[in-house]
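K.L.:
You'll find my_file.cif just under this line, and it carries mmCIF, C-alpha atoms.
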```cif
data_protein
#
loop_
_atom_site.label_atom_id
_atom_site.label_comp_id
_atom_site.auth_asym_id
_atom_site.auth_seq_id
_atom_site.Cartn_x
_atom_site.Cartn_y
_atom_site.Cartn_z
CA MET A 513 89.14 128.00 87.85
CA ASP A 514 87.89 130.26 85.06
CA GLU A 515 85.73 129.40 82.05
CA ARG A 516 88.70 127.80 80.29
CA GLY A 517 88.41 124.91 82.74
CA ALA A 518 84.81 124.24 81.72
CA GLY A 519 84.29 120.94 79.94
CA ILE A 520 87.50 119.38 81.26
CA ARG A 521 87.05 116.10 83.11
CA LEU A 522 89.63 115.28 85.78
CA SER A 523 90.36 111.65 86.65
CA VAL A 524 91.58 111.43 90.26
CA LEU A 525 93.60 108.23 90.70
CA ILE A 526 93.67 107.08 94.33
CA PRO A 527 95.96 104.15 95.25
CA VAL A 528 94.87 102.81 98.64
CA PHE A 529 96.55 100.52 101.16
CA ASN A 530 95.40 100.25 104.78
CA GLU A 531 93.87 103.73 105.08
CA VAL A 532 90.61 102.86 106.85
CA ALA A 533 90.82 105.97 109.05
CA THR A 534 91.14 108.47 106.20
CA ILE A 535 89.86 107.12 102.88
CA ALA A 536 86.22 108.22 103.31
CA ARG A 537 87.29 111.77 104.18
CA VAL A 538 89.68 111.89 101.22
CA VAL A 539 86.91 110.82 98.81
CA SER A 540 84.53 113.36 100.36
CA ARG A 541 87.08 116.16 99.95
CA VAL A 542 87.71 115.23 96.32
CA ARG A 543 83.96 115.20 95.65
CA SER A 544 83.63 118.70 97.14
CA VAL A 545 86.08 120.20 94.63
CA PRO A 546 84.28 122.38 92.03
CA LEU A 547 85.47 120.38 89.03
CA ASP A 548 84.08 117.63 86.82
CA VAL A 549 85.76 114.76 88.68
CA GLU A 550 86.00 111.02 88.05
CA ILE A 551 87.32 109.09 91.07
CA VAL A 552 89.19 105.85 90.39
CA CYS A 553 90.27 103.94 93.52
CA VAL A 554 92.56 100.92 93.55
CA ASP A 555 92.73 98.96 96.78
CA ASP A 556 96.18 97.35 96.99
CA CYS A 557 95.02 94.35 99.04
CA SER A 558 94.29 96.21 102.29
CA THR A 559 93.88 94.16 105.47
CA ASP A 560 92.53 96.74 107.94
CA GLY A 561 88.92 97.12 106.75
CA THR A 562 89.69 99.69 104.05
CA ARG A 563 88.25 97.41 101.36
CA ASP A 564 84.84 97.30 103.06
CA VAL A 565 84.74 101.11 103.26
CA LEU A 566 85.66 101.36 99.58
CA ARG A 567 82.88 98.96 98.61
CA GLU A 568 80.38 101.12 100.50
CA LEU A 569 81.67 104.29 98.85
CA HIS A 570 81.44 102.67 95.44
CA ALA A 571 77.92 101.40 96.07
CA SER A 572 76.83 104.91 97.10
CA GLY A 573 78.28 106.44 93.93
CA ALA A 574 80.99 108.41 95.72
CA ILE A 575 83.62 106.38 93.82
CA ASP A 576 83.17 105.95 90.06
CA VAL A 577 85.53 103.02 89.57
CA LEU A 578 86.81 100.59 92.20
CA VAL A 579 89.55 98.08 91.43
CA LEU A 580 90.39 95.43 94.06
CA GLN A 581 93.90 94.02 93.72
CA GLU A 582 94.33 90.36 94.67
CA HIS A 583 97.92 90.92 95.84
CA ASN A 584 99.81 93.87 97.30
CA GLY A 585 101.82 95.30 94.44
CA GLY A 586 102.86 98.75 95.71
CA LYS A 587 101.89 102.33 94.87
CA GLY A 588 103.26 102.25 91.33
CA THR A 589 101.33 99.09 90.50
CA ALA A 590 98.13 100.61 91.89
CA VAL A 591 98.62 103.84 89.94
CA ARG A 592 99.01 101.93 86.68
CA ALA A 593 95.88 99.90 87.45
CA ALA A 594 93.92 103.09 88.11
CA LEU A 595 95.25 104.78 84.98
CA ALA A 596 93.97 101.90 82.84
CA HIS A 597 90.41 102.90 83.86
CA ALA A 598 90.79 106.69 83.61
CA THR A 599 88.51 108.35 81.04
CA GLY A 600 89.08 112.03 81.90
CA ASP A 601 90.97 114.59 79.81
CA VAL A 602 93.48 115.09 82.63
CA ALA A 603 94.59 112.75 85.44
CA VAL A 604 96.14 113.34 88.85
CA ILE A 605 97.36 111.05 91.63
CA GLN A 606 95.78 111.59 95.05
CA ASP A 607 97.18 109.76 98.07
CA ALA A 608 94.58 108.13 100.34
CA ASP A 609 95.81 109.88 103.49
CA LEU A 610 95.12 113.52 104.38
CA GLU A 611 98.57 114.93 103.57
CA TYR A 612 97.53 116.65 100.31
CA ASP A 613 94.45 118.89 100.08
CA PRO A 614 92.20 118.21 97.04
CA HIS A 615 91.10 121.85 97.12
CA ASP A 616 94.47 122.61 95.47
CA LEU A 617 93.38 120.66 92.37
CA PRO A 618 91.75 123.63 90.55
CA ARG A 619 95.02 125.56 90.93
CA LEU A 620 96.94 122.60 89.50
CA LEU A 621 94.56 122.30 86.56
CA GLN A 622 94.75 125.96 85.53
CA PRO A 623 98.03 125.87 83.52
CA ILE A 624 96.71 122.85 81.57
CA ALA A 625 93.27 124.41 81.08
CA ASP A 626 94.70 127.59 79.57
CA GLY A 627 97.01 125.70 77.22
CA ARG A 628 100.37 126.48 78.85
CA ALA A 629 101.19 123.05 80.30
CA ASP A 630 100.96 119.33 79.60
CA ALA A 631 101.89 118.41 83.18
CA VAL A 632 101.75 120.30 86.48
CA PHE A 633 103.57 119.34 89.68
CA GLY A 634 102.35 120.56 93.05
CA SER A 635 105.33 121.75 95.08
CA ARG A 636 105.32 121.63 98.88
CA PHE A 637 108.27 124.03 98.98
CA LEU A 638 107.03 127.13 97.16
CA GLY A 639 105.60 129.00 100.11
CA GLU A 640 102.25 127.42 101.01
CA THR A 641 101.19 126.29 104.49
CA HIS A 642 102.85 123.04 105.55
CA ARG A 643 103.26 121.03 108.71
CA VAL A 644 106.74 121.19 110.27
CA LEU A 645 108.14 117.66 110.63
CA TYR A 646 111.30 115.73 109.79
CA PHE A 647 114.50 117.64 108.96
CA TRP A 648 116.26 114.67 107.36
CA HIS A 649 113.26 113.92 105.16
CA ARG A 650 113.55 117.46 103.79
CA VAL A 651 117.28 117.02 103.20
CA GLY A 652 116.69 113.69 101.47
CA ASN A 653 113.94 115.15 99.32
CA GLY A 654 116.24 117.98 98.28
CA LEU A 655 119.03 115.58 97.33
CA LEU A 656 116.65 113.37 95.34
CA THR A 657 115.22 116.38 93.53
CA LEU A 658 118.72 117.64 92.75
CA ALA A 659 119.81 114.25 91.37
CA SER A 660 116.65 114.01 89.27
CA ASN A 661 117.06 117.56 87.95
CA MET A 662 120.65 116.86 86.92
CA LEU A 663 119.51 114.00 84.68
CA THR A 664 116.25 115.49 83.40
CA ASP A 665 117.60 119.04 83.00
CA LEU A 666 114.53 120.37 84.82
CA ASN A 667 114.49 122.93 87.64
CA LEU A 668 111.82 121.33 89.84
CA THR A 669 111.68 122.11 93.55
CA ASP A 670 109.77 118.95 94.58
CA MET A 671 110.30 115.88 92.41
CA GLU A 672 108.82 113.56 95.07
CA THR A 673 105.46 115.33 95.26
CA CYS A 674 102.37 113.13 95.05
CA TYR A 675 100.48 115.80 93.10
CA LYS A 676 101.52 115.19 89.50
CA MET A 677 98.71 116.24 87.15
CA VAL A 678 99.15 115.16 83.52
CA ARG A 679 97.05 115.15 80.37
CA THR A 680 95.63 111.63 80.25
CA ASP A 681 96.69 110.88 76.69
CA LEU A 682 100.27 111.82 77.61
CA LEU A 683 100.18 109.82 80.84
CA LYS A 684 98.92 106.71 79.06
CA SER A 685 101.72 106.99 76.49
CA LEU A 686 104.45 106.70 79.14
CA PRO A 687 106.15 103.29 79.59
CA LEU A 688 105.64 103.11 83.35
CA ARG A 689 107.28 100.19 85.17
CA SER A 690 107.57 101.10 88.89
CA ARG A 691 105.98 98.93 91.57
CA ARG A 692 106.42 100.97 94.74
CA PHE A 693 107.36 104.59 95.47
CA GLY A 694 109.70 104.65 92.47
CA ILE A 695 106.66 105.88 90.56
CA GLU A 696 107.55 109.47 91.57
CA PRO A 697 111.03 109.68 89.97
CA GLU A 698 109.79 107.56 87.08
CA LEU A 699 106.91 109.89 86.23
CA THR A 700 109.30 112.83 86.40
CA ALA A 701 111.81 111.14 84.08
CA ARG A 702 109.12 110.05 81.62
CA VAL A 703 107.42 113.43 81.21
CA ALA A 704 110.86 115.00 80.73
CA GLN A 705 111.70 112.42 78.05
CA ALA A 706 108.36 113.16 76.37
CA ARG A 707 109.40 116.84 76.22
CA ALA A 708 106.19 117.80 77.94
CA ARG A 709 105.63 121.38 79.06
CA ILE A 710 105.87 121.17 82.85
CA TYR A 711 104.77 123.75 85.40
CA GLU A 712 104.98 123.85 89.19
CA VAL A 713 102.39 125.44 91.48
CA PRO A 714 102.50 125.70 95.28
CA VAL A 715 100.32 123.32 97.30
CA SER A 716 99.64 122.99 101.00
CA TYR A 717 100.93 119.94 102.85
CA SER A 718 100.02 118.31 106.15
CA GLY A 719 102.55 115.51 106.55
CA ARG A 720 101.98 112.55 108.85
CA THR A 721 104.27 111.04 111.44
CA TYR A 722 105.06 107.34 111.40
CA GLU A 723 102.78 106.93 114.41
CA GLU A 724 99.98 108.42 112.29
CA GLY A 725 100.54 105.92 109.48
CA LYS A 726 103.28 107.31 107.22
CA LYS A 727 104.60 104.44 105.08
CA ILE A 728 107.61 105.68 103.12
CA ASN A 729 110.94 105.15 104.92
CA TRP A 730 114.69 105.53 104.48
CA LYS A 731 114.91 102.36 102.39
CA ASP A 732 112.54 103.91 99.84
CA GLY A 733 114.74 107.01 99.82
CA VAL A 734 117.84 104.94 99.03
CA ALA A 735 115.93 103.03 96.36
CA ALA A 736 114.82 106.33 94.82
CA PHE A 737 118.42 107.13 93.82
CA TRP A 738 118.55 103.86 91.87
CA HIS A 739 115.18 104.63 90.27
CA ILE A 740 116.41 108.07 89.20
CA LEU A 741 119.39 106.48 87.43
CA ARG A 742 117.37 103.61 86.03
CA PHE A 743 114.53 105.60 84.50
CA ASN A 744 116.70 108.39 83.14
CA LEU A 745 119.56 106.33 81.71
CA LEU A 746 118.15 102.91 80.79
CA PRO A 747 115.52 101.97 78.20
CA PRO A 748 112.68 102.16 77.49
CA ARG A 749 112.31 105.91 76.98
CA ALA A 750 109.03 107.74 76.66
CA PRO A 751 108.09 108.84 73.14
CA VAL A 752 108.04 112.56 72.38
CA TYR A 753 104.54 113.85 73.12
CA ARG A 754 102.51 115.16 70.19
CA ARG A 755 99.86 117.51 71.51
CA PRO A 756 96.41 117.43 69.88
CA VAL A 757 95.35 120.50 67.92
CA GLU A 758 92.87 121.44 70.67
CA ALA A 759 95.66 121.52 73.25
CA ARG A 760 97.81 123.79 71.09
CA ALA A 761 94.87 126.19 70.90
CA GLY A 762 94.53 126.17 74.68
CA TYR A 763 91.92 123.49 75.28
CA PRO A 764 92.52 119.81 76.14
CA ALA A 765 91.17 117.47 73.50
CA PRO A 766 88.07 115.61 74.70
CA GLN A 767 88.67 111.94 75.43
CA ALA A 768 85.52 110.02 74.56
CA PRO A 769 85.49 106.79 76.61
CA SER A 770 84.61 103.56 74.90
CA LEU A 771 81.50 101.64 75.88
CA ALA A 772 83.76 99.17 77.66
CA ALA A 773 85.37 101.96 79.67
CA ARG A 774 81.98 103.38 80.64
CA SER A 775 80.83 99.99 81.89
CA VAL A 776 83.80 99.64 84.23
CA GLY A 777 82.41 102.28 86.56
CA GLN A 778 79.25 100.26 87.12
CA GLY A 779 80.93 97.43 88.96
CA VAL A 780 83.97 96.33 90.91
CA SER A 781 87.03 95.02 89.06
#
```
Now, as a test, write the supplied structure out as structure tokens.
P.N.:
Amino acid sequence: MDERGAGIRLSVLIPVFNEVATIARVVSRVRSVPLDVEIVCVDDCSTDGTRDVLRELHASGAIDVLVLQEHNGGKGTAVRAALAHATGDVAVIQDADLEYDPHDLPRLLQPIADGRADAVFGSRFLGETHRVLYFWHRVGNGLLTLASNMLTDLNLTDMETCYKMVRTDLLKSLPLRSRRFGIEPELTARVAQARARIYEVPVSYSGRTYEEGKKINWKDGVAAFWHILRFNLLPPRAPVYRRPVEARAGYPAPQAPSLAARSVGQGVS
């Protein structure tokens, strides 16, 4: 990250559900990234002890904002809850497992920092190191990306990537509705509808097996086709994004949090 990234605050939105074995390491890795980072964690009603670990991390200051959901609502619900508390200039979703490496975040931020992009997707299929796993998952991902690209008129290589980094003002303007893993095709459809400038950068990927705790399954893949149709063809549509003057000049506009927003980070919601 060069000097153009200075002064940019990154809100890292971490939806969490039953990740007691990995969440502390994920938070530690995010904290070690050389960026001005705000960590917003949403526990989606975990039952395996994750919530206790999150409380400890919040009490120690490792987590800035902790939201505890009373009911399990799914990844999309947790992402929206985290976004409501984000005060950074740019926001990114970080899964609570160890599949995505937070040290790729500076690379993702660069096209936004230098004024080229409004959103950056981290692609697992552009040549970086990745764990070799399920063939049919790769085929399914390719079909989903193809279907999404046909309706958005984008040429993405990895629509289903977790790493979607977006200017916070743009992200908060999107009419997000997804509850579960449909958040991935929905975010893609919405930023396309907003006519955002989208870039892809390669990221490393260390996928998990089901024995190691992977949650998404073939039913979510089938549902994703419906979500692609739904969010691209049915209302509501995202409004066209109007970039602030600072962004047009190559610098994200500062987002001054309200006093209410600042106070959220002092306690548990």
K.L.:
Can you give me, as a list of chain:residue names, the residues this file yields under the PyMOL selection byres ((chain A and resi 753) around 10)?
P.N.:
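So the PyMOL selection byres ((chain A and resi 753) around 10), applied here, picks out A:Asp630, A:Asp681, A:Leu682, A:Leu683, A:Ser685, A:Leu686, A:Val703, A:Ala704, A:Gln705, A:Ala706, A:Arg707, A:Ala708, A:Arg709, A:Ala750, A:Pro751, A:Val752, A:Arg754, A:Arg755, A:Pro756.
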K.L.:
Restricting the output to C-alpha atoms, write the selected residues as a short mmCIF file (atom, residue, chain, number, x, y, z; two decimals), in the coordinates of the input.
P.N.:
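Result went into again28.cif, see below:
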```cif
data_model
loop_
_atom_site.label_atom_id
_atom_site.label_comp_id
_atom_site.auth_asym_id
_atom_site.auth_seq_id
_atom_site.Cartn_x
_atom_site.Cartn_y
_atom_site.Cartn_z
CA ASP A 630 100.96 119.33 79.60
CA ASP A 681 96.69 110.88 76.69
CA LEU A 682 100.27 111.82 77.61
CA LEU A 683 100.18 109.82 80.84
CA SER A 685 101.72 106.99 76.49
CA LEU A 686 104.45 106.70 79.14
CA VAL A 703 107.42 113.43 81.21
CA ALA A 704 110.86 115.00 80.73
CA GLN A 705 111.70 112.42 78.05
CA ALA A 706 108.36 113.16 76.37
CA ARG A 707 109.40 116.84 76.22
CA ALA A 708 106.19 117.80 77.94
CA ARG A 709 105.63 121.38 79.06
CA ALA A 750 109.03 107.74 76.66
CA PRO A 751 108.09 108.84 73.14
CA VAL A 752 108.04 112.56 72.38
CA ARG A 754 102.51 115.16 70.19
CA ARG A 755 99.86 117.51 71.51
CA PRO A 756 96.41 117.43 69.88
#
```
K.L.:
Given the file shown, determine the residues that the PyMOL selection byres ((chain A and resi 597) around 8) selects; report them as a PyMOL selection string.
P.N.:
chain A and resi 552+577+593-596+598-599+773+776
K.L.:
Kindly export the residues of the current selection with C-alpha atoms, as a PDB file, in the coordinates of the input.
P.N.:
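Full text of out_1.pdb as output:
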```
ATOM      1  CA  VAL A 552      89.190 105.850  90.390  1.00  0.00           C
ATOM      2  CA  VAL A 577      85.530 103.020  89.570  1.00  0.00           C
ATOM      3  CA  ALA A 593      95.880  99.900  87.450  1.00  0.00           C
ATOM      4  CA  ALA A 594      93.920 103.090  88.110  1.00  0.00           C
ATOM      5  CA  LEU A 595      95.250 104.780  84.980  1.00  0.00           C
ATOM      6  CA  ALA A 596      93.970 101.900  82.840  1.00  0.00           C
ATOM      7  CA  ALA A 598      90.790 106.690  83.610  1.00  0.00           C
ATOM      8  CA  THR A 599      88.510 108.350  81.040  1.00  0.00           C
ATOM      9  CA  ALA A 773      85.370 101.960  79.670  1.00  0.00           C
ATOM     10  CA  VAL A 776      83.800  99.640  84.230  1.00  0.00           C
TER      11      VAL A 776
END
```
K.L.:
Distance table requested - range 566-608 of chain A against range 528-535 of chain A, cut-off 9 Å, only C-alpha atoms: one row per qualifying residue with the closest atom pair and its distance in Å to one decimal, ordered by chain and rising residue number, as a Markdown table.
P.N.:
```
| residue | atom | partner | partner_atom | distance |
| --- | --- | --- | --- | --- |
| A:Leu566 | CA | A:Ile535 | CA | 7.9 |
| A:Asn584 | CA | A:Phe529 | CA | 8.4 |
| A:Gly586 | CA | A:Phe529 | CA | 8.5 |
| A:Lys587 | CA | A:Val528 | CA | 8.0 |
| A:Ala590 | CA | A:Val528 | CA | 7.8 |
| A:Asp607 | CA | A:Val528 | CA | 7.3 |
| A:Ala608 | CA | A:Ile535 | CA | 5.5 |
```
K.L.:
Output the selection as a CSV table (one decimal), keeping the file's coordinate frame - C-alpha atoms for each residue.
P.N.:
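Output saved as part12.csv:
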```csv
chain,number,residue,atom,x,y,z
A,566,LEU,CA,85.7,101.4,99.6
A,584,ASN,CA,99.8,93.9,97.3
A,586,GLY,CA,102.9,98.8,95.7
A,587,LYS,CA,101.9,102.3,94.9
A,590,ALA,CA,98.1,100.6,91.9
A,607,ASP,CA,97.2,109.8,98.1
A,608,ALA,CA,94.6,108.1,100.3
```
K.L.:
Run the PyMOL selection byres ((chain A and resi 542) around 12) on the file and write out the hits as a compact mmCIF listing (two decimals) with C-alpha atoms, in the frame of the given file.
P.N.:
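Done, and the output landed in selection_19.txt:
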```txt
# COMPACT_ATOMS: atom_id res chain seq x y z
CA LEU A 522 89.63 115.28 85.78
CA SER A 523 90.36 111.65 86.65
CA VAL A 524 91.58 111.43 90.26
CA LEU A 525 93.60 108.23 90.70
CA ILE A 526 93.67 107.08 94.33
CA ILE A 535 89.86 107.12 102.88
CA ALA A 536 86.22 108.22 103.31
CA ARG A 537 87.29 111.77 104.18
CA VAL A 538 89.68 111.89 101.22
CA VAL A 539 86.91 110.82 98.81
CA SER A 540 84.53 113.36 100.36
CA ARG A 541 87.08 116.16 99.95
CA ARG A 543 83.96 115.20 95.65
CA SER A 544 83.63 118.70 97.14
CA VAL A 545 86.08 120.20 94.63
CA PRO A 546 84.28 122.38 92.03
CA LEU A 547 85.47 120.38 89.03
CA ASP A 548 84.08 117.63 86.82
CA VAL A 549 85.76 114.76 88.68
CA GLU A 550 86.00 111.02 88.05
CA ILE A 551 87.32 109.09 91.07
CA VAL A 552 89.19 105.85 90.39
CA CYS A 553 90.27 103.94 93.52
CA ALA A 574 80.99 108.41 95.72
CA ILE A 575 83.62 106.38 93.82
CA VAL A 604 96.14 113.34 88.85
CA ILE A 605 97.36 111.05 91.63
CA GLN A 606 95.78 111.59 95.05
CA ASP A 607 97.18 109.76 98.07
CA ALA A 608 94.58 108.13 100.34
CA LEU A 610 95.12 113.52 104.38
CA TYR A 612 97.53 116.65 100.31
CA ASP A 613 94.45 118.89 100.08
CA PRO A 614 92.20 118.21 97.04
CA HIS A 615 91.10 121.85 97.12
CA ASP A 616 94.47 122.61 95.47
CA LEU A 617 93.38 120.66 92.37
CA PRO A 618 91.75 123.63 90.55
```
K.L.:
Quick check, in Å to one decimal: how far apart do CA of Met671 in chain A and CA of Thr700 in chain A lie?
P.N.:
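About the pair CA of Met671 in chain A and CA of Thr700 in chain A: they are 6.8 Å apart.
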K.L.:
Could you work out how far CA of Val713 in chain A lies from CA of Asp665 in chain A, giving the answer in Å with one decimal?
P.N.:
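Rounded to one decimal, the two atoms are 18.6 Å apart.
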K.L.:
For Thr669 in chain A, please output as a list of chain:residue names all residues within 12 Å (counting only C-alpha atoms; exclusion window: fewer than 6 positions along the same chain).
P.N.:
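Listing them by chain and then by number gives A:Phe633, A:Gly634, A:Ser635, A:Arg636, A:Phe637, A:Leu638, A:Gly639, A:Arg650, A:Asn653, A:Gly654, A:Leu655, A:Leu656, A:Thr657, A:Leu658, A:Ala659, A:Ser660, A:Asn661, A:Thr700, A:Tyr711, A:Glu712, A:Val713, A:Pro714.
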K.L.:
At what distance in Å, to one decimal, does CA of Trp738 in chain A lie from CA of Pro697 in chain A?
P.N.:
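Answer for the CA of Pro697 in chain A to CA of Trp738 in chain A separation: 9.7 Å.
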K.L.:
For Thr664 in chain A, which of A:Arg691, A:Leu745, A:Val632, A:Val678 is the closest residue, counting only C-alpha atoms?
P.N.:
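Ranked by minimum distance to Thr664 in chain A, first place goes to A:Leu745.
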K.L.:
Excluding same-chain residues fewer than 5 positions from Leu746 in chain A, what lies within 12 Å of it counting all atoms listed in the file, as JSON, numbers by chain?
P.N.:
{"A": [663, 698, 701, 702, 705, 738, 739, 740, 741]}
K.L.:
Just write the chosen residues, C-alpha atoms, as a PDB file, in the frame of the given file.
P.N.:
```
ATOM      1  CA  LEU A 663     119.510 114.000  84.680  1.00  0.00           C
ATOM      2  CA  GLU A 698     109.790 107.560  87.080  1.00  0.00           C
ATOM      3  CA  ALA A 701     111.810 111.140  84.080  1.00  0.00           C
ATOM      4  CA  ARG A 702     109.120 110.050  81.620  1.00  0.00           C
ATOM      5  CA  GLN A 705     111.700 112.420  78.050  1.00  0.00           C
ATOM      6  CA  TRP A 738     118.550 103.860  91.870  1.00  0.00           C
ATOM      7  CA  HIS A 739     115.180 104.630  90.270  1.00  0.00           C
ATOM      8  CA  ILE A 740     116.410 108.070  89.200  1.00  0.00           C
ATOM      9  CA  LEU A 741     119.390 106.480  87.430  1.00  0.00           C
TER      10      LEU A 741
END
```
